[in-house]
>>> print(open('upload_31.txt').read())   # compact mmCIF, C-alpha atoms
# COMPACT_ATOMS: atom_id res chain seq x y z
CA MET A 32 51.57 39.85 108.89
CA ASN A 33 51.99 36.30 107.63
CA GLN A 34 52.72 35.29 104.09
CA LEU A 35 49.10 34.34 103.37
CA THR A 36 47.69 37.69 104.39
CA ARG A 37 50.39 39.57 102.47
CA ASN A 38 49.51 37.67 99.31
CA SER A 39 45.84 38.44 99.78
CA VAL A 40 46.49 42.17 100.15
CA LEU A 41 48.73 42.13 97.10
CA GLN A 42 46.11 40.34 95.02
CA PHE A 43 43.39 42.72 96.22
CA THR A 44 45.49 45.78 95.39
CA LEU A 45 46.46 44.41 92.02
CA ALA A 46 42.86 43.61 91.15
CA LEU A 47 41.85 47.09 92.31
CA LEU A 48 44.43 48.74 90.07
CA ILE A 49 43.53 46.61 87.09
CA GLY A 50 39.87 47.46 87.63
CA PHE A 51 40.68 51.15 87.91
CA GLY A 52 42.63 50.98 84.67
CA LEU A 53 39.79 49.20 82.90
CA GLY A 54 37.27 51.72 84.20
CA LEU A 55 39.45 54.61 83.08
CA ALA A 56 39.98 53.12 79.63
CA TYR A 57 36.23 52.68 79.22
CA SER A 58 35.36 56.17 80.42
CA TRP A 59 38.09 57.97 78.48
CA LEU A 60 38.43 55.91 75.33
CA LEU A 61 35.48 53.66 74.69
CA SER A 62 32.67 55.81 76.02
CA PRO A 63 33.89 59.29 76.86
CA VAL A 64 31.58 62.01 78.07
CA THR A 65 29.54 63.27 75.13
CA TYR A 66 29.13 67.01 74.79
CA VAL A 67 25.58 68.05 74.11
CA ASP A 68 25.46 71.48 75.73
CA ALA A 69 28.66 73.06 74.54
CA HIS A 70 29.63 76.68 75.01
CA PRO A 71 30.65 78.67 71.89
CA ALA A 72 34.12 79.20 73.38
CA LEU A 73 34.76 75.48 72.81
CA LEU A 74 34.10 75.68 69.09
CA ARG A 75 36.81 74.72 66.67
CA ALA A 76 38.69 77.67 65.17
CA ASP A 77 36.98 77.49 61.78
CA PHE A 78 33.55 77.35 63.39
CA LYS A 79 34.49 80.33 65.55
CA ASP A 80 35.29 82.17 62.32
CA GLN A 81 31.88 81.25 61.00
CA TYR A 82 30.31 82.37 64.27
CA ARG A 83 32.03 85.76 63.99
CA ILE A 84 30.80 86.16 60.42
CA ILE A 85 27.23 85.55 61.55
CA ILE A 86 27.61 87.93 64.49
CA ALA A 87 28.90 90.60 62.11
CA ALA A 88 26.13 89.92 59.58
CA SER A 89 23.55 90.15 62.32
CA TYR A 90 25.12 93.38 63.58
CA ALA A 91 25.04 94.82 60.09
CA ALA A 92 21.30 94.22 60.14
CA ASN A 93 20.30 95.31 63.63
CA LYS A 94 23.13 97.72 64.61
CA ASP A 95 22.91 96.44 68.17
CA LEU A 96 26.49 96.97 69.29
CA PRO A 97 26.16 95.79 72.93
CA ARG A 98 24.53 92.62 71.77
CA ALA A 99 27.21 91.99 69.16
CA GLN A 100 29.81 92.59 71.86
CA ALA A 101 28.08 90.13 74.18
CA ARG A 102 27.90 87.54 71.45
CA LEU A 103 31.58 87.97 70.63
CA ASN A 104 32.44 87.57 74.28
CA LEU A 105 30.92 84.10 74.15
CA LEU A 106 33.77 83.03 71.91
CA GLY A 107 36.29 83.73 74.64
CA ASP A 108 38.64 85.76 72.48
CA VAL A 109 41.20 87.75 74.41
CA ASP A 110 40.85 90.68 72.03
CA PRO A 111 37.66 90.39 69.94
CA VAL A 112 38.48 93.50 67.88
CA SER A 113 41.83 92.12 66.79
CA GLU A 114 40.25 88.76 66.05
CA LEU A 115 37.67 90.41 63.81
CA SER A 116 40.29 92.44 61.98
CA ALA A 117 42.58 89.46 61.60
CA GLN A 118 39.75 87.35 60.26
CA ALA A 119 38.81 90.03 57.74
CA GLN A 120 42.44 90.09 56.67
CA ARG A 121 42.56 86.32 56.33
CA MET A 122 39.40 86.34 54.24
CA LEU A 123 40.81 88.91 51.85
CA ALA A 124 44.11 87.05 51.69
CA THR A 125 42.28 83.90 50.63
CA GLY A 126 40.51 85.70 47.82
CA GLU A 127 37.17 86.47 49.45
CA THR A 128 35.53 89.65 48.25
CA PHE A 129 35.63 92.70 50.46
CA GLU A 130 31.85 92.63 50.56
CA LYS A 131 32.12 89.50 52.67
CA ALA A 132 34.84 90.88 54.91
CA ARG A 133 33.25 94.31 55.24
CA PRO A 134 30.81 93.44 58.09
CA LEU A 135 33.71 92.12 60.15
CA ALA A 136 35.76 95.26 59.56
CA GLN A 137 32.75 97.45 60.30
CA LEU A 138 32.03 95.65 63.55
CA ALA A 139 35.69 95.84 64.57
CA THR A 140 35.71 99.57 63.93
CA ASP A 141 32.47 100.19 65.78
CA LEU A 142 33.61 98.15 68.75
CA GLN A 143 36.82 100.10 68.89
CA GLN A 144 35.00 103.39 68.59
CA GLY A 145 32.30 102.35 71.00
CA TYR A 146 29.45 103.59 68.87
CA VAL A 147 27.61 102.57 65.74
CA GLY A 148 29.42 104.09 62.80
CA GLU A 149 28.16 104.93 59.39
CA PRO A 150 28.38 102.02 56.99
CA PHE A 151 31.09 102.37 54.41
CA THR A 152 29.49 103.39 51.17
CA PRO A 153 31.35 104.04 47.98
CA THR A 154 30.91 107.56 46.71
CA PRO A 155 30.88 108.66 43.11
CA PHE A 156 34.20 109.23 41.46
CA PRO A 157 35.40 112.81 41.35
CA THR A 158 34.55 114.92 38.33
CA PHE A 159 37.13 116.66 36.18
CA ASN A 160 36.06 119.63 34.14
CA THR A 161 37.88 121.29 31.29
CA PRO A 162 36.46 123.24 28.37
CA ASN A 163 37.33 120.50 25.91
CA ALA A 164 35.58 117.39 24.75
CA GLN A 165 34.04 115.33 27.47
CA PHE A 166 34.65 111.72 28.16
CA THR A 167 32.40 109.73 30.42
CA SER A 168 32.57 106.14 31.40
CA ALA A 169 30.53 104.23 33.91
CA SER A 170 31.11 101.07 35.82
CA THR A 171 29.38 99.12 38.51
CA GLU A 172 31.55 97.65 41.23
CA THR A 173 29.18 95.06 42.64
CA GLU A 174 25.52 94.37 42.49
CA THR A 175 25.10 95.54 46.08
CA GLN A 176 26.72 98.90 45.53
CA PRO A 177 25.30 101.89 43.81
CA GLU A 178 26.40 102.53 40.30
CA ILE A 179 29.61 104.48 40.21
CA SER A 180 30.33 106.77 37.35
CA GLU A 181 33.53 108.35 36.28
CA GLU A 182 33.72 111.58 34.43
CA ALA A 183 36.73 113.29 33.02
CA THR A 184 37.47 115.72 30.28
CA PHE A 185 40.70 115.88 28.38
CA THR A 186 42.35 117.31 25.32
CA PRO A 187 41.72 114.97 22.40
CA ALA A 188 45.38 114.92 21.44
CA ALA A 189 46.45 113.84 24.89
CA PRO A 190 46.77 110.23 26.01
CA THR A 191 43.44 108.80 27.13
CA VAL A 192 43.81 108.63 30.86
CA PHE A 193 41.37 109.01 33.68
CA PHE A 194 43.63 110.28 36.41
CA GLU A 195 46.77 112.15 35.76
CA GLN A 196 49.46 109.53 35.52
CA THR A 197 53.18 109.33 35.22
CA PRO A 198 53.83 109.38 31.49
CA LEU A 199 55.96 106.78 29.82
CA ILE A 200 57.73 109.63 28.12
CA PRO A 201 59.81 112.20 30.04
CA LEU A 202 57.88 114.45 32.38
CA ALA A 203 58.80 117.58 30.50
CA GLN A 204 56.45 116.57 27.69
CA GLU A 205 53.58 116.20 30.15
CA THR A 206 53.09 119.97 29.99
CA LEU A 207 51.34 119.46 26.66
CA THR A 208 48.41 117.98 28.49
CA PRO A 209 46.45 120.43 30.61
CA ARG A 210 45.82 119.22 34.10
CA PRO A 211 42.16 118.60 34.79
CA THR A 212 40.42 120.68 37.40
CA PHE A 213 39.38 118.49 40.27
CA THR A 214 35.89 118.99 41.61
CA PRO A 215 35.04 116.60 44.42
CA THR A 216 31.55 115.25 44.24
CA ALA A 217 29.61 115.19 47.45
CA GLY A 218 29.15 111.69 48.80
CA PRO A 219 26.57 110.23 51.13
CA GLY A 220 28.90 110.56 54.12
CA ASP A 221 31.38 113.16 55.24
CA PRO A 222 34.28 113.13 52.79
CA PHE A 223 37.78 112.42 53.92
CA ALA A 224 40.21 115.28 53.56
CA LEU A 225 43.96 115.08 53.48
CA VAL A 226 45.04 116.69 56.74
CA SER A 227 48.74 115.93 56.67
CA GLN A 228 51.41 114.62 54.36
CA GLU A 229 54.62 113.72 56.12
CA THR A 230 57.90 112.67 54.62
CA ILE A 231 59.41 109.66 56.35
CA CYS A 232 63.18 109.60 55.91
CA ASP A 233 63.71 106.20 57.49
CA PRO A 234 65.66 103.74 55.33
CA GLY A 235 63.43 101.01 56.72
CA MET A 236 60.37 102.75 55.30
CA SER A 237 61.91 103.57 51.95
CA LYS A 238 59.29 103.93 49.19
CA VAL A 239 56.47 103.00 51.57
CA MET A 240 53.35 105.09 51.18
CA GLN A 241 51.44 104.87 54.44
CA PHE A 242 47.83 105.84 54.96
CA MET A 243 45.96 106.65 58.13
CA LEU A 244 42.23 107.27 57.93
CA LEU A 245 40.49 108.89 60.86
CA ASP A 246 36.94 109.93 61.52
CA SER A 247 35.94 113.26 62.99
CA ARG A 248 36.66 111.94 66.50
CA HIS A 249 40.19 110.94 65.51
CA ASP A 250 39.23 107.27 65.67
CA GLN A 251 40.77 105.06 63.04
CA ILE A 252 38.52 103.83 60.26
CA ALA A 253 38.87 100.26 59.05
CA GLY A 254 37.61 98.98 55.75
CA ALA A 255 37.98 102.19 53.78
CA GLU A 256 38.97 101.46 50.22
CA ILE A 257 41.89 103.32 48.70
CA VAL A 258 42.77 103.33 45.03
CA VAL A 259 46.27 104.18 43.89
CA THR A 260 46.78 104.77 40.18
CA TRP A 261 49.95 105.40 38.24
CA ASN A 262 51.00 105.34 34.65
CA GLN A 263 51.32 101.61 34.45
CA GLY A 264 48.48 100.45 36.57
CA GLU A 265 46.24 100.65 39.55
CA ASP A 266 46.05 99.03 42.95
CA ARG A 267 43.16 98.83 45.38
CA PHE A 268 43.37 97.99 49.03
CA PHE A 269 41.66 98.66 52.34
CA THR A 270 42.55 100.09 55.68
CA GLY A 271 42.57 97.77 58.66
CA LEU A 272 44.28 94.84 57.01
CA LYS A 273 47.26 95.23 59.31
CA PRO A 274 45.45 95.52 62.62
CA GLU A 275 48.72 95.44 64.52
CA LEU A 276 49.49 98.84 62.94
CA GLY A 277 46.02 100.24 63.45
CA ASN A 278 42.54 99.75 62.06
CA GLY A 279 42.86 102.88 59.97
CA TYR A 280 46.25 101.95 58.57
CA ALA A 281 47.13 100.81 55.08
CA ASP A 282 50.30 100.98 53.04
CA PHE A 283 51.56 100.68 49.52
CA THR A 284 55.04 100.28 48.09
CA MET A 285 55.98 102.96 45.59
CA GLU A 286 58.48 102.89 42.79
CA ALA A 287 61.03 105.69 42.72
CA ASP A 288 60.35 108.37 40.11
CA THR A 289 56.73 107.35 39.65
CA VAL A 290 53.85 109.74 40.23
CA TYR A 291 50.81 108.37 41.99
CA ASN A 292 47.27 109.57 42.34
CA ILE A 293 45.41 108.60 45.46
CA ARG A 294 41.69 108.27 45.84
CA VAL A 295 39.83 107.30 48.97
CA VAL A 296 36.75 105.58 47.64
CA THR A 297 34.94 105.95 50.96
CA GLY A 298 34.39 109.66 51.06
CA GLY A 299 35.85 110.64 47.74
CA ALA A 300 39.13 112.32 48.79
CA PHE A 301 41.57 112.64 45.88
CA VAL A 302 45.24 113.47 46.09
CA PRO A 303 47.22 113.80 42.86
CA ASP A 304 50.95 113.90 42.21
CA VAL A 305 52.27 111.87 45.10
CA ARG A 306 55.76 110.49 44.71
CA ALA A 307 58.48 109.06 46.89
CA PRO A 308 60.41 111.96 48.45
CA VAL A 309 64.17 112.16 48.18
CA CYS A 310 65.91 111.72 51.52
CA THR A 311 69.57 111.91 52.43
CA ASP A 312 71.21 109.50 54.82
CA PRO A 313 73.97 110.56 57.29
CA ASN A 314 76.61 109.70 54.68
CA GLY A 315 75.08 112.17 52.25
CA VAL A 316 73.65 109.50 49.99
CA ASN A 317 70.21 110.11 48.59
CA PHE A 318 67.53 107.46 48.87
CA PRO A 319 63.79 107.39 48.20
CA GLY A 320 61.93 108.02 51.44
CA GLY A 321 58.49 107.10 52.56
CA ILE A 322 55.39 109.17 52.98
CA LEU A 323 52.55 109.22 55.48
CA LEU A 324 49.20 110.53 54.31
CA THR A 325 46.60 111.21 56.97
CA PHE A 326 42.98 111.63 55.96
CA GLN A 327 40.25 112.69 58.27
CA GLN A 328 36.55 113.27 58.11
CA PRO A 329 35.53 116.80 59.14
CA MET B 118 43.28 29.78 94.61
CA SER B 119 40.37 29.30 96.95
CA SER B 120 36.90 30.51 96.11
CA SER B 121 37.08 33.17 98.84
CA LYS B 122 40.21 34.58 97.22
CA ILE B 123 38.54 34.63 93.82
CA ILE B 124 35.59 36.50 95.29
CA THR B 125 37.98 38.99 96.92
CA VAL B 126 39.79 39.58 93.62
CA VAL B 127 36.50 40.03 91.74
CA ILE B 128 35.26 42.49 94.34
CA ALA B 129 38.53 44.43 94.12
CA LEU B 130 38.27 44.45 90.34
CA ALA B 131 34.69 45.73 90.52
CA ILE B 132 35.64 48.45 92.98
CA GLY B 133 38.56 49.44 90.75
CA ILE B 134 36.34 49.63 87.68
CA ALA B 135 33.81 51.70 89.57
CA PHE B 136 36.52 54.11 90.70
CA GLY B 137 37.89 54.26 87.17
CA LEU B 138 34.49 55.10 85.72
CA VAL B 139 33.78 57.75 88.32
CA TYR B 140 37.20 59.29 87.76
CA GLY B 141 36.90 59.22 83.94
CA TRP B 142 33.33 60.44 83.69
CA VAL B 143 32.95 62.75 86.67
CA ILE B 144 36.22 63.80 88.27
CA GLU B 145 38.39 64.16 85.20
CA PRO B 146 36.26 63.70 82.08
CA VAL B 147 37.60 64.08 78.58
CA GLU B 148 37.81 67.79 77.78
CA TYR B 149 36.62 68.89 74.38
CA THR B 150 38.18 71.99 72.90
CA ASP B 151 37.28 71.77 69.23
CA VAL B 152 33.60 71.03 69.15
CA THR B 153 31.25 71.55 66.25
CA PRO B 154 28.21 73.86 66.38
CA ASP B 155 25.79 70.92 66.38
CA VAL B 156 26.57 70.31 70.06
CA LEU B 157 25.94 73.89 71.16
CA ARG B 158 23.56 74.34 74.05
CA ALA B 159 19.96 75.02 73.08
CA ASP B 160 20.08 78.74 73.92
CA TYR B 161 23.24 79.25 71.88
CA ARG B 162 21.74 77.30 69.00
CA ALA B 163 18.64 79.47 69.11
CA ASP B 164 20.77 82.62 69.19
CA TYR B 165 22.83 81.32 66.26
CA VAL B 166 19.65 80.79 64.25
CA LEU B 167 18.39 84.21 65.34
CA MET B 168 21.57 85.88 64.08
CA THR B 169 21.11 84.08 60.77
CA ALA B 170 17.51 85.27 60.68
CA GLU B 171 18.52 88.86 61.38
CA ALA B 172 21.09 88.76 58.61
CA TYR B 173 18.53 87.19 56.28
CA GLN B 174 16.17 90.09 56.87
CA THR B 175 18.76 92.35 55.30
CA ASP B 176 20.37 90.30 52.55
CA PHE B 177 17.54 87.86 51.69
CA ASP B 178 20.20 85.34 50.77
CA ALA B 179 18.47 82.03 51.42
CA ASP B 180 21.47 80.09 50.19
CA ALA B 181 23.80 81.72 52.71
CA ALA B 182 21.23 81.30 55.47
CA ALA B 183 20.81 77.60 54.67
CA ARG B 184 24.57 77.10 54.67
CA ARG B 185 24.87 78.82 58.03
CA ILE B 186 22.08 76.78 59.57
CA ALA B 187 23.53 73.58 58.17
CA GLN B 188 26.42 74.05 60.59
CA LEU B 189 24.02 73.19 63.38
CA GLY B 190 23.37 69.65 62.28
CA SER B 191 22.27 67.32 59.56
CA GLN B 192 18.55 67.97 59.97
CA PRO B 193 16.80 70.02 57.28
CA PRO B 194 17.34 73.77 57.84
CA ALA B 195 13.59 74.33 58.25
CA GLU B 196 13.55 71.81 61.09
CA ILE B 197 16.42 73.54 62.87
CA VAL B 198 14.77 76.94 62.47
CA SER B 199 11.49 75.50 63.69
CA SER B 200 13.20 74.21 66.84
CA ALA B 201 14.76 77.62 67.40
CA LEU B 202 11.38 79.26 66.92
CA THR B 203 9.84 76.95 69.49
CA TYR B 204 12.64 77.81 71.90
CA ALA B 205 12.13 81.51 71.21
CA ASN B 206 8.42 81.30 71.91
CA LEU B 207 9.05 79.51 75.19
CA ASN B 208 11.82 81.78 76.37
CA GLY B 209 10.58 85.29 75.98
CA PHE B 210 12.20 86.38 72.74
CA THR B 211 10.88 89.72 71.48
CA GLN B 212 8.23 89.95 68.81
CA ASP B 213 10.79 91.29 66.34
CA GLU B 214 13.04 88.32 66.96
CA ILE B 215 10.19 85.86 66.61
CA HIS B 216 9.12 87.59 63.43
CA ALA B 217 12.64 87.31 62.05
CA LEU B 218 12.69 83.61 62.87
CA GLN B 219 9.30 83.10 61.26
CA THR B 220 10.49 84.85 58.11
CA LEU B 221 13.54 82.64 58.01
CA LEU B 222 11.42 79.54 58.65
CA THR B 223 9.22 80.41 55.70
CA ALA B 224 12.28 80.93 53.54
CA MET B 225 13.80 77.62 54.61
CA GLN B 226 10.56 75.74 54.04
CA THR B 227 10.54 76.88 50.45
CA TYR B 228 14.27 76.83 49.96
CA GLN B 229 15.63 74.65 47.20
CA PRO B 230 19.39 74.24 46.98
CA GLU B 231 20.81 75.27 43.63
CA ASP B 232 22.00 71.71 43.01
CA ASN B 233 18.40 70.51 43.22
CA LEU B 234 17.19 73.22 40.91
CA ASN B 235 19.82 72.40 38.33
CA PRO B 236 20.41 68.66 38.50
>>> encode(input="upload_31.txt", output="structure tokens")
Amino acid sequence: MNQLTRNSVLQFTLALLIGFGLGLAYSWLLSPVTYVDAHPALLRADFKDQYRIIIAASYAANKDLPRAQARLNLLGDVDPVSELSAQAQRMLATGETFEKARPLAQLATDLQQGYVGEPFTPTPFPTFNTPNAQFTSASTETETQPEISEEATFTPAAPTVFFEQTPLIPLAQETLTPRPTFTPTAGPGDPFALVSQETICDPGMSKVMQFMLLDSRHDQIAGAEIVVTWNQGEDRFFTGLKPELGNGYADFTMEADTVYNIRVVTGGAFVPDVRAPVCTDPNGVNFPGGILLTFQQP
Amino acid sequence: MSSSKIITVVIALAIGIAFGLVYGWVIEPVEYTDVTPDVLRADYRADYVLMTAEAYQTDFDADAAARRIAQLGSQPPAEIVSSALTYANLNGFTQDEIHALQTLLTAMQTYQPEDNLNP
């Protein structure tokens, strides 16, 4: 091949490469393919969250579980149930009300169970009856929930408390106040009952009060509200906010030497006088243990 | 450089550009992974509006419905619902679904954002 031909081939190749580069720059940068028929799996993460919310809201209305499942599958999540639970958790962590996260938790639970479950409905507070003067207070949780009333009777001389609480004074003086008789009020759904109370003597779970809520089929229930009260306050939380530990799981950190009263809002179960158990490590040293409370619907 | 050489170079350049365009648009186009709902395919858009309509039948929250539909584009919500209703009528949606969409359409046609009500 002579010099002239070699130069021509070189120029042709060079021009070809430059042209290819220009074409590529135009097609990738200046005028890339425009998406007009996108699949939901390609949605940005925040739009996927929005999509899940709408799927859950739609499911809450039509109770069509296979359809909700099919719609969730469009998003391409590896584990749609975990995604729903995690999103509900994120919403609560960012200050959203549980009313907004509830459809997600309900859908996650129903998908896990494989059937349409009963919607979580708050039940009336339990009623306490004693022969003395009666105290009644009422409150409304949200505009979408039925009015919830509290009733309790107590000795006028005793501190005004709703649930029995750890007194600020030594426990021995608590005997002055008669303990109210607990009468559970029937709720719209099957009530949860405490089926086991286990002491956990693991230093890693010290002072941790764990909850596990199960339905009658032993499936875990997400989104059930639990109220823990003690002498200095009250805390409310929901099952299913730690999906990695189970949809029916919730926990609460206790203080040593404090008595807690537990109420499962969904179903009305009430457990008084719960406290951190005393455990002994292999060296003979006492430490506050943990406790696992399992509730189940009959 | 002779004119024949110039023609050869121009032809090579044109071929290169053509290859580049085919490669960039067809063989290896830009892949989108974080798209917005406004580019969803028509059937997914219709289903999205239908889900909003089903939720609206329970909560009657026009504000929430309008916010959800607004994700699908900058057109007025009523226009988006109307498009979905047209799609539903043409593609064999059930009577219940069409009724839900019609209810939502009516709500969106009369919907006034709170900002407009309270300027």
>>> residues_around(input="upload_31.txt", residues="Gln226 (chain B)", least_positions_apart="5", cutoff="10 Å", atoms="only C-alpha atoms", output="list of chain:residue names")
B:Pro193, B:Pro194, B:Ala195, B:Glu196, B:Val198, B:Ser199, B:Thr220, B:Leu221
>>> atom_distance(input="upload_31.txt", atom1="CA of Phe269 (chain A)", atom2="CA of Phe242 (chain A)")
9.8 Å
>>> closest_atom_pairs(input="upload_31.txt", of="chain B", to="chain A", cutoff="6 Å", atoms="all atoms listed in the file", output="Markdown table")
| residue | atom | partner | partner_atom | distance |
| --- | --- | --- | --- | --- |
| B:Val126 | CA | A:Phe43 | CA | 5.4 |
| B:Ala129 | CA | A:Leu47 | CA | 4.6 |
| B:Leu130 | CA | A:Gly50 | CA | 4.4 |
| B:Gly133 | CA | A:Gly50 | CA | 3.9 |
| B:Ile134 | CA | A:Gly50 | CA | 4.1 |
| B:Phe136 | CA | A:Phe51 | CA | 5.8 |
| B:Gly137 | CA | A:Gly54 | CA | 4.0 |
| B:Leu138 | CA | A:Gly54 | CA | 4.6 |
| B:Gly141 | CA | A:Ser58 | CA | 4.9 |
| B:Trp142 | CA | A:Ser58 | CA | 5.7 |
| B:Thr150 | CA | A:Leu73 | CA | 4.9 |
| B:Asp151 | CA | A:Arg75 | CA | 3.9 |
| B:Val152 | CA | A:Leu74 | CA | 4.7 |
| B:Thr153 | CA | A:Leu74 | CA | 5.8 |
| B:Val156 | CA | A:Val67 | CA | 4.7 |
| B:Leu157 | CA | A:Ala69 | CA | 4.4 |
| B:Arg158 | CA | A:Asp68 | CA | 3.8 |
| B:Met168 | CA | A:Ser89 | CA | 5.0 |
| B:Glu171 | CA | A:Ser89 | CA | 5.3 |
| B:Ala172 | CA | A:Ser89 | CA | 4.7 |
| B:Thr175 | CA | A:Ala92 | CA | 5.8 |
>>> residues_around(input="upload_31.txt", residues="Leu272 (chain A)", least_positions_apart="4", cutoff="10 Å", atoms="only C-alpha atoms", output="number ranges by chain")
A: 116-121, 123-124, 136, 253-254, 268, 276-282
>>> atom_distance(input="upload_31.txt", atom1="CA of Gln137 (chain A)", atom2="CA of Ile252 (chain A)")
8.6 Å
>>> atom_distance(input="upload_31.txt", atom1="CA of Asn292 (chain A)", atom2="CA of Arg306 (chain A)")
8.9 Å
>>> closest_residue(input="upload_31.txt", among="B:Ala131, B:Ala159, B:Ala183, B:Leu202", to="Ile215 (chain B)", atoms="only C-alpha atoms")
B:Leu202
>>> residues_around(input="upload_31.txt", residues="Tyr204 (chain B)", least_positions_apart="2", cutoff="8 Å", atoms="only C-alpha atoms", output="mmCIF file with C-alpha atoms, in the frame of the given file")
data_model
loop_
_atom_site.group_PDB
_atom_site.id
_atom_site.type_symbol
_atom_site.label_atom_id
_atom_site.label_comp_id
_atom_site.auth_asym_id
_atom_site.auth_seq_id
_atom_site.Cartn_x
_atom_site.Cartn_y
_atom_site.Cartn_z
ATOM 1 C CA ALA B 159 19.960 75.020 73.080
ATOM 2 C CA ASP B 160 20.080 78.740 73.920
ATOM 3 C CA ALA B 163 18.640 79.470 69.110
ATOM 4 C CA SER B 200 13.200 74.210 66.840
ATOM 5 C CA ALA B 201 14.760 77.620 67.400
ATOM 6 C CA LEU B 202 11.380 79.260 66.920
ATOM 7 C CA ASN B 206 8.420 81.300 71.910
ATOM 8 C CA LEU B 207 9.050 79.510 75.190
ATOM 9 C CA ASN B 208 11.820 81.780 76.370
#
>>> closest_residue(input="upload_31.txt", among="A:Pro111, A:Pro222, A:Pro308, A:Pro97", to="Gln327 (chain A)", atoms="all atoms listed in the file")
A:Pro222
>>> closest_residue(input="upload_31.txt", among="B:Ala224, B:Gln174, B:Val127, B:Pro154", to="Gly190 (chain B)", atoms="all atoms listed in the file")
B:Pro154
>>> closest_residue(input="upload_31.txt", among="B:Arg162, B:Leu167, B:Ala181, B:Glu145", to="Asp213 (chain B)", atoms="all atoms listed in the file")
B:Leu167
>>> closest_residue(input="upload_31.txt", among="B:Ala217, B:Val147, B:Ala135, B:Ile128", to="Asp164 (chain B)", atoms="all atoms listed in the file")
B:Ala217
>>> closest_residue(input="upload_31.txt", among="B:Arg185, B:Thr203, B:Asp180, B:Val143", to="Asp80 (chain A)", atoms="all atoms listed in the file")
B:Arg185
>>> decode(input="upload_31.txt", residues="region 159-172 of chain B", atoms="N, CA and C atoms", output="short mmCIF file (atom, residue, chain, number, x, y, z; two decimals), in the first residue's frame")
data_model
loop_
_atom_site.label_atom_id
_atom_site.label_comp_id
_atom_site.auth_asym_id
_atom_site.auth_seq_id
_atom_site.Cartn_x
_atom_site.Cartn_y
_atom_site.Cartn_z
N ALA B 159 -49.76 5.10 29.34
CA ALA B 159 -51.19 5.48 29.48
C ALA B 159 -51.96 4.53 30.40
N ASP B 160 -51.70 3.22 30.30
CA ASP B 160 -52.46 2.29 31.14
C ASP B 160 -52.09 2.43 32.61
N TYR B 161 -50.81 2.71 32.89
CA TYR B 161 -50.42 2.92 34.28
C TYR B 161 -50.98 4.24 34.82
N ARG B 162 -51.01 5.25 33.94
CA ARG B 162 -51.59 6.52 34.35
C ARG B 162 -53.08 6.34 34.70
N ALA B 163 -53.76 5.60 33.85
CA ALA B 163 -55.19 5.38 34.09
C ALA B 163 -55.39 4.61 35.39
N ASP B 164 -54.53 3.63 35.63
CA ASP B 164 -54.65 2.84 36.87
C ASP B 164 -54.35 3.70 38.10
N TYR B 165 -53.37 4.59 37.94
CA TYR B 165 -53.01 5.52 39.03
C TYR B 165 -54.22 6.41 39.37
N VAL B 166 -54.86 6.91 38.34
CA VAL B 166 -56.05 7.76 38.57
C VAL B 166 -57.18 6.92 39.17
N LEU B 167 -57.30 5.68 38.69
CA LEU B 167 -58.34 4.80 39.23
C LEU B 167 -58.12 4.53 40.72
N MET B 168 -56.87 4.30 41.11
CA MET B 168 -56.58 4.08 42.54
C MET B 168 -56.96 5.32 43.34
N THR B 169 -56.63 6.48 42.79
CA THR B 169 -57.01 7.73 43.48
C THR B 169 -58.53 7.83 43.60
N ALA B 170 -59.22 7.43 42.53
CA ALA B 170 -60.68 7.49 42.55
C ALA B 170 -61.26 6.52 43.58
N GLU B 171 -60.67 5.33 43.66
CA GLU B 171 -61.16 4.35 44.64
C GLU B 171 -60.96 4.87 46.06
N ALA B 172 -59.80 5.47 46.30
CA ALA B 172 -59.54 6.02 47.63
C ALA B 172 -60.51 7.17 47.92
#
